[in-house]
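The file upload.txt comes next; it holds compact mmCIF, C-alpha atoms.
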# COMPACT_ATOMS: atom_id res chain seq x y z
CA MET O 222 51.47 164.36 110.73
CA LEU O 223 53.74 163.38 113.55
CA THR O 224 52.70 159.80 113.19
CA ALA O 225 53.52 159.83 109.51
CA ARG O 226 56.93 161.31 110.19
CA ALA O 227 57.62 158.67 112.85
CA ARG O 228 56.71 155.98 110.41
CA VAL O 229 59.00 157.45 107.81
CA ARG O 230 61.87 157.64 110.25
CA ARG O 231 61.36 154.04 111.46
CA GLY O 232 61.25 152.82 107.90
CA ALA O 233 64.47 154.63 107.10
CA LYS O 234 66.12 153.06 110.13
CA ASP O 235 65.02 149.57 109.07
CA GLU O 236 66.32 150.10 105.58
CA ALA O 237 69.68 151.21 107.01
CA GLU O 238 70.00 148.12 109.18
CA LYS O 239 69.11 145.54 106.51
CA PRO O 240 72.45 145.61 104.62
CA PHE O 241 74.32 144.95 107.91
CA TRP O 242 72.25 141.88 108.86
CA ILE O 243 72.44 140.47 105.34
CA SER O 244 76.25 140.78 105.35
CA PHE O 245 76.50 139.13 108.79
CA ALA O 246 74.38 136.18 107.62
CA ASP O 247 76.54 135.79 104.52
CA LEU O 248 79.66 135.84 106.70
CA MET O 249 78.33 133.11 108.97
CA THR O 250 77.39 131.00 105.95
CA ALA O 251 80.85 131.44 104.46
CA LEU O 252 82.49 130.46 107.75
CA MET O 253 80.31 127.36 107.98
CA VAL O 254 81.21 126.35 104.43
CA LEU O 255 84.89 126.95 105.15
CA PHE O 256 84.63 124.84 108.32
CA LEU O 257 83.02 122.00 106.38
CA VAL O 258 85.70 122.17 103.69
CA VAL O 259 88.51 122.10 106.27
CA MET O 260 86.91 119.17 108.11
CA GLY O 261 86.41 117.32 104.85
CA VAL O 262 90.07 117.75 103.87
CA ALA O 263 91.23 116.70 107.36
CA LEU O 264 89.05 113.59 107.33
CA LEU O 265 90.28 112.70 103.85
CA ALA O 266 93.91 113.08 104.95
CA ILE O 267 93.32 110.91 108.04
CA THR O 268 91.53 108.26 106.01
CA THR O 269 94.32 108.21 103.43
CA HIS O 270 96.96 107.89 106.16
CA VAL O 271 95.10 105.03 107.85
CA THR O 272 94.62 103.27 104.52
CA GLU O 273 98.34 103.52 103.69
CA ARG O 274 99.26 102.24 107.18
CA GLU O 275 96.88 99.31 106.81
CA GLN O 276 98.35 98.49 103.41
CA GLN O 277 101.88 98.55 104.86
CA GLU O 278 100.86 96.32 107.76
CA ALA O 279 99.15 93.89 105.38
CA GLN O 280 102.28 93.76 103.22
CA HIS O 281 104.43 93.20 106.32
CA ARG O 282 102.26 90.25 107.38
CA LYS O 283 102.46 88.88 103.85
CA ASP O 284 106.27 89.16 103.89
CA VAL O 285 106.45 87.30 107.22
CA GLU O 286 104.26 84.52 105.83
CA GLU O 287 106.54 84.33 102.79
CA ILE O 288 109.51 83.87 105.14
CA PHE O 289 107.76 80.94 106.81
CA ASP O 290 106.84 79.48 103.42
CA ARG O 291 110.48 79.49 102.34
CA LEU O 292 111.64 78.11 105.67
CA SER O 293 109.10 75.30 105.39
CA GLN O 294 110.44 74.46 101.95
CA ALA O 295 113.97 74.39 103.37
CA ALA O 296 112.92 72.26 106.35
CA ALA O 297 111.32 69.74 104.00
CA ARG O 298 114.80 69.02 102.64
CA HIS O 299 116.04 68.02 106.11
CA ASP O 300 114.48 65.13 108.00
CA GLY O 301 113.10 65.87 111.47
CA ILE O 302 113.05 69.68 111.22
CA ARG O 303 109.68 71.39 111.58
CA ILE O 304 108.55 75.03 111.35
CA ASP O 305 106.06 76.16 114.01
CA ARG O 306 104.44 79.28 112.57
CA ALA O 307 102.30 80.00 115.62
CA ARG O 308 105.35 80.20 117.91
CA HIS O 309 107.77 81.51 115.24
CA VAL O 310 110.01 78.55 116.07
CA ILE O 311 112.28 76.19 114.15
CA ASP O 312 111.89 72.86 115.95
CA PHE O 313 114.72 70.40 115.37
CA GLY O 314 113.02 67.55 117.22
CA ASP O 315 115.34 64.60 117.84
CA ARG O 316 118.02 66.26 115.71
CA ALA O 317 118.86 68.57 118.64
CA ARG O 318 118.08 66.57 121.80
CA PHE O 319 120.47 66.42 124.76
CA ALA O 320 121.34 63.67 127.20
CA PHE O 321 120.38 64.05 130.85
CA ASN O 322 122.33 66.84 132.55
CA ARG O 323 124.55 67.27 129.49
CA SER O 324 125.04 70.11 127.02
CA ASN O 325 127.05 68.18 124.43
CA LEU O 326 125.81 67.54 120.91
CA THR O 327 126.81 64.49 118.93
CA VAL O 328 128.87 64.94 115.78
CA GLU O 329 125.81 64.00 113.70
CA GLN O 330 123.67 66.60 115.47
CA GLU O 331 126.24 69.31 114.88
CA ILE O 332 126.40 68.43 111.19
CA VAL O 333 122.60 68.64 110.89
CA LEU O 334 122.62 72.09 112.46
CA ARG O 335 125.47 73.30 110.22
CA GLN O 336 123.63 72.03 107.17
CA PHE O 337 120.39 73.84 108.01
CA VAL O 338 121.71 77.14 109.39
CA PRO O 339 123.03 78.26 105.95
CA GLU O 340 119.43 78.01 104.74
CA ILE O 341 118.46 80.53 107.44
CA ILE O 342 121.41 82.76 106.60
CA ASP O 343 120.60 82.84 102.88
CA LEU O 344 117.00 83.74 103.63
CA ALA O 345 117.95 86.40 106.18
CA ASN O 346 120.38 88.03 103.74
CA SER O 347 117.90 88.05 100.86
CA ASN O 348 116.00 91.22 99.97
CA LEU O 349 112.89 89.83 101.65
CA GLY O 350 114.80 88.76 104.75
CA ARG O 351 116.43 92.15 105.22
CA LYS O 352 112.98 93.75 105.16
CA VAL O 353 111.43 91.73 107.98
CA MET O 354 113.91 89.43 109.77
CA LYS O 355 115.49 90.91 112.91
CA ARG O 356 117.32 88.04 114.61
CA VAL O 357 117.29 84.33 115.45
CA VAL O 358 117.26 83.46 119.15
CA VAL O 359 118.74 80.05 119.99
CA GLU O 360 116.73 78.84 122.99
CA GLY O 361 117.92 75.95 125.13
CA TYR O 362 115.66 74.06 127.53
CA ALA O 363 116.03 71.58 130.37
CA ASP O 364 113.69 69.08 132.03
CA ARG O 365 112.18 69.54 135.51
CA THR O 366 114.86 67.55 137.30
CA GLY O 367 117.13 69.66 139.49
CA SER O 368 116.93 73.26 140.70
CA TYR O 369 115.80 76.22 138.67
CA LEU O 370 119.18 77.96 138.58
CA SER O 371 121.14 74.84 137.71
CA ASN O 372 118.74 74.10 134.87
CA LEU O 373 118.91 77.72 133.74
CA ASN O 374 122.67 77.43 133.46
CA LEU O 375 122.34 74.07 131.69
CA SER O 376 119.83 75.43 129.16
CA LEU O 377 122.07 78.42 128.49
CA GLN O 378 125.01 76.09 127.87
CA ARG O 379 122.89 74.10 125.43
CA SER O 380 122.11 77.25 123.50
CA GLN O 381 125.76 78.23 123.53
CA ARG O 382 126.73 74.75 122.35
CA VAL O 383 124.69 75.24 119.19
CA LEU O 384 126.55 78.48 118.43
CA CYS O 385 129.87 76.75 119.14
CA ALA O 386 128.92 74.12 116.56
CA MET O 387 128.44 76.90 114.01
CA PHE O 388 131.99 78.16 114.59
CA ALA O 389 133.67 74.73 114.56
CA THR O 390 136.95 74.51 112.62
CA HIS O 391 137.48 70.74 112.53
CA SER O 392 134.55 68.65 111.30
CA SER O 393 132.22 68.12 108.34
CA SER O 394 129.95 70.71 106.70
CA LEU O 395 131.87 73.65 108.17
CA LEU O 396 130.55 77.16 107.67
CA SER O 397 132.54 79.68 105.70
CA ASP O 398 133.92 82.80 107.38
CA LEU O 399 131.23 84.87 105.69
CA GLN O 400 128.52 82.55 107.02
CA LYS O 401 130.07 82.67 110.49
CA GLU O 402 129.92 86.46 110.39
CA SER O 403 126.22 86.23 109.57
CA VAL O 404 125.70 83.85 112.51
CA ARG O 405 127.51 86.23 114.83
CA ASP O 406 125.46 89.21 113.64
CA LEU O 407 122.09 87.49 113.39
CA PHE O 408 121.95 84.82 116.12
CA LEU O 409 121.42 85.40 119.83
CA VAL O 410 121.81 82.92 122.72
CA GLY O 411 119.04 82.45 125.28
CA GLY O 412 118.54 80.04 128.22
CA TYR O 413 115.06 79.15 129.44
CA SER O 414 115.38 76.37 132.06
CA PHE O 415 112.17 74.28 132.28
CA ASN O 416 109.74 77.15 131.71
CA ALA O 417 108.48 75.49 128.52
CA SER O 418 108.84 71.80 129.32
CA LYS O 419 107.37 69.20 127.01
CA ALA O 420 105.30 66.11 127.81
CA SER O 421 108.39 64.03 128.56
CA ASP O 422 111.81 64.81 130.02
CA GLU O 423 113.50 63.68 126.79
CA GLU O 424 111.48 66.14 124.71
CA SER O 425 112.19 68.92 127.20
CA ARG O 426 115.97 68.56 126.84
CA ARG O 427 116.05 70.34 123.52
CA VAL O 428 117.09 73.43 121.64
CA GLU O 429 114.96 75.56 119.32
CA MET O 430 115.48 78.61 117.15
CA ARG O 431 112.92 81.38 117.49
CA LEU O 432 112.57 84.01 114.76
CA GLU O 433 112.13 87.66 115.69
CA PHE O 434 110.82 90.08 113.08
CA LEU O 435 111.33 93.79 112.55
CA GLY O 436 108.54 96.16 113.40
CA MET O 437 107.12 98.71 110.98
CA GLY O 438 109.87 101.18 110.09
CA GLU O 439 112.47 99.31 112.16
CA ASP O 440 115.93 98.50 110.80
CA ARG O 441 118.05 95.46 111.54
CA PRO O 442 120.77 96.09 114.19
CA SER O 443 124.26 96.83 112.96
CA PRO O 444 126.90 94.05 112.75
CA ALA O 445 128.31 92.96 116.10
CA GLY O 446 132.05 92.95 115.44
CA GLU O 447 135.01 93.04 113.12
CA PRO O 448 135.31 90.46 110.30
CA GLY O 449 136.96 87.19 111.31
CA THR O 450 137.12 87.84 115.07
CA PHE O 451 135.28 84.69 116.22
CA GLY O 452 137.41 83.37 119.06
CA GLU O 453 137.16 79.88 120.59
CA CYS O 454 134.29 78.08 122.26
CA ALA O 455 134.54 78.44 126.05
CA LEU O 456 132.62 75.23 126.76
CA PRO O 457 134.67 72.08 127.45
Now that the file is in, can you turn its structure into structure tokens?
Amino acid sequence: MLTARARVRRGAKDEAEKPFWISFADLMTALMVLFLVVMGVALLAITTHVTEREQQEAQHRKDVEEIFDRLSQAAARHDGIRIDRARHVIDFGDRARFAFNRSNLTVEQEIVLRQFVPEIIDLANSNLGRKVMKRVVVEGYADRTGSYLSNLNLSLQRSQRVLCAMFATHSSSLLSDLQKESVRDLFLVGGYSFNASKASDEESRRVEMRLEFLGMGEDRPSPAGEPGTFGECALP
């Protein structure tokens, strides 16, 4: 009799505990499902963000290539000017060579530069150019003759001479005031001594224009000064 009662009591206890364990198992299952849903949504959001970023980067690269395509078309209209896509450089070749230890350009060389620079300005001020073009760095170079610092100064003067040619007031193919403002806002002078010398001294005494492009989400710097305040070239 006692055994029967004990069995009855144990059975009643088991029956009382079953609803609790079933509810706990359901809770754990629900939490696992919720965790999987949250992880799925998070992974989807990350994947979507990465895909959009990749699409933007691909479009940016495409825009840069379009800039080089248009520059190449412009360069084809001017003898001796070449576009180096790998280095992002406009190479003027013999059209912008300097004599030994000199920073002066000939009248013909200045005219060539003033004829081509408006092509750069028009492209930079186009809708495509404003999206990706940051600035144009005018880089002057010297040969290996002489000291480093003297050649650094000489290469800087050669870069500056190109900018002075853009702001000339007495010659042929002069730039308009609006174009000069674009040169002032877009172009930057740089001197590089003989750090990138060519095979011969003659080829090393040169000037190039290197294109810099905006990064993703970057805006072009604001204009540098007031309209029409150009000044005079300080080089003799």
Residues within 8 Å of Gln330 in chain O, please, as a tab-separated table (two decimals) with C-alpha atoms, keeping the file's coordinate frame. Count only C-alpha atoms; anything in the same chain fewer than 4 positions from it doesn't count.
chain	number	residue	atom	x	y	z
O	316	ARG	CA	118.02	66.26	115.71
O	317	ALA	CA	118.86	68.57	118.64
O	326	LEU	CA	125.81	67.54	120.91
O	334	LEU	CA	122.62	72.09	112.46
Out of O:Asn416, O:Asn372, O:Ser393, O:Ser293, which residue has the shortest atom-to-atom distance to Phe321 in chain O when counting all atoms listed in the file? O:Asn372
Could you give me, as a ChimeraX atom specification, the residues within 8 Å of Ile288 in chain O, counting only C-alpha atoms and dropping anything in the same chain fewer than 5 positions from it? /O:344,349-350
Pick from O:Lys352, O:Ser371, O:Val359, O:Ala296: nearest to Lys283 in chain O, with all atoms listed in the file counted?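 When distances to Lys283 in chain O are compared using all atoms listed in the file, the smallest one comes from O:Lys352.
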Between CA of Asp343 in chain O and CA of His281 in chain O, what distance in Å does the model show, to one decimal?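 A separation of 19.5 Å between them.
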CA of Gly412 in chain O to CA of Ser425 in chain O, distance in Å rounded to a single decimal: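 Separation of CA of Gly412 in chain O and CA of Ser425 in chain O: 12.8 Å.
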Shortest interatomic distance to Ser324 in chain O - which of O:Val262, O:Thr250, O:Ser380, O:Asp406, counting only C-alpha atoms: O:Ser380
Gap from CA of Ala389 in chain O to CA of Phe451 in chain O - Å, one decimal: 10.2 Å
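For Leu409 in chain O, the set of protein, DNA and RNA residues having any atom at most 8 Å away, when counting all atoms listed in the file and skipping those fewer than 4 positions along the same chain, is Arg356, Val357, Val358, Val359 and Arg405 of chain O.
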Residues near Pro448 in chain O, anyone? I mean within 10 Å using all atoms listed in the file, not counting same-chain ones fewer than 6 positions away, as a ChimeraX atom specification. /O:398-399,401-402,405
Between O:Leu257, O:Gln280, O:Leu252, O:Val328, which has the minimum distance to His391 in chain O (counting only C-alpha atoms)?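 Result for the nearest residue to His391 in chain O: O:Val328.
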Find the residues near Phe388 in chain O: any atom within 12 Å, counting only C-alpha atoms, skip ones fewer than 5 places away on the same chain, and give them as a PyMOL selection string. chain O and resi 331-332+334-335+338+381-383+393-405+449-455
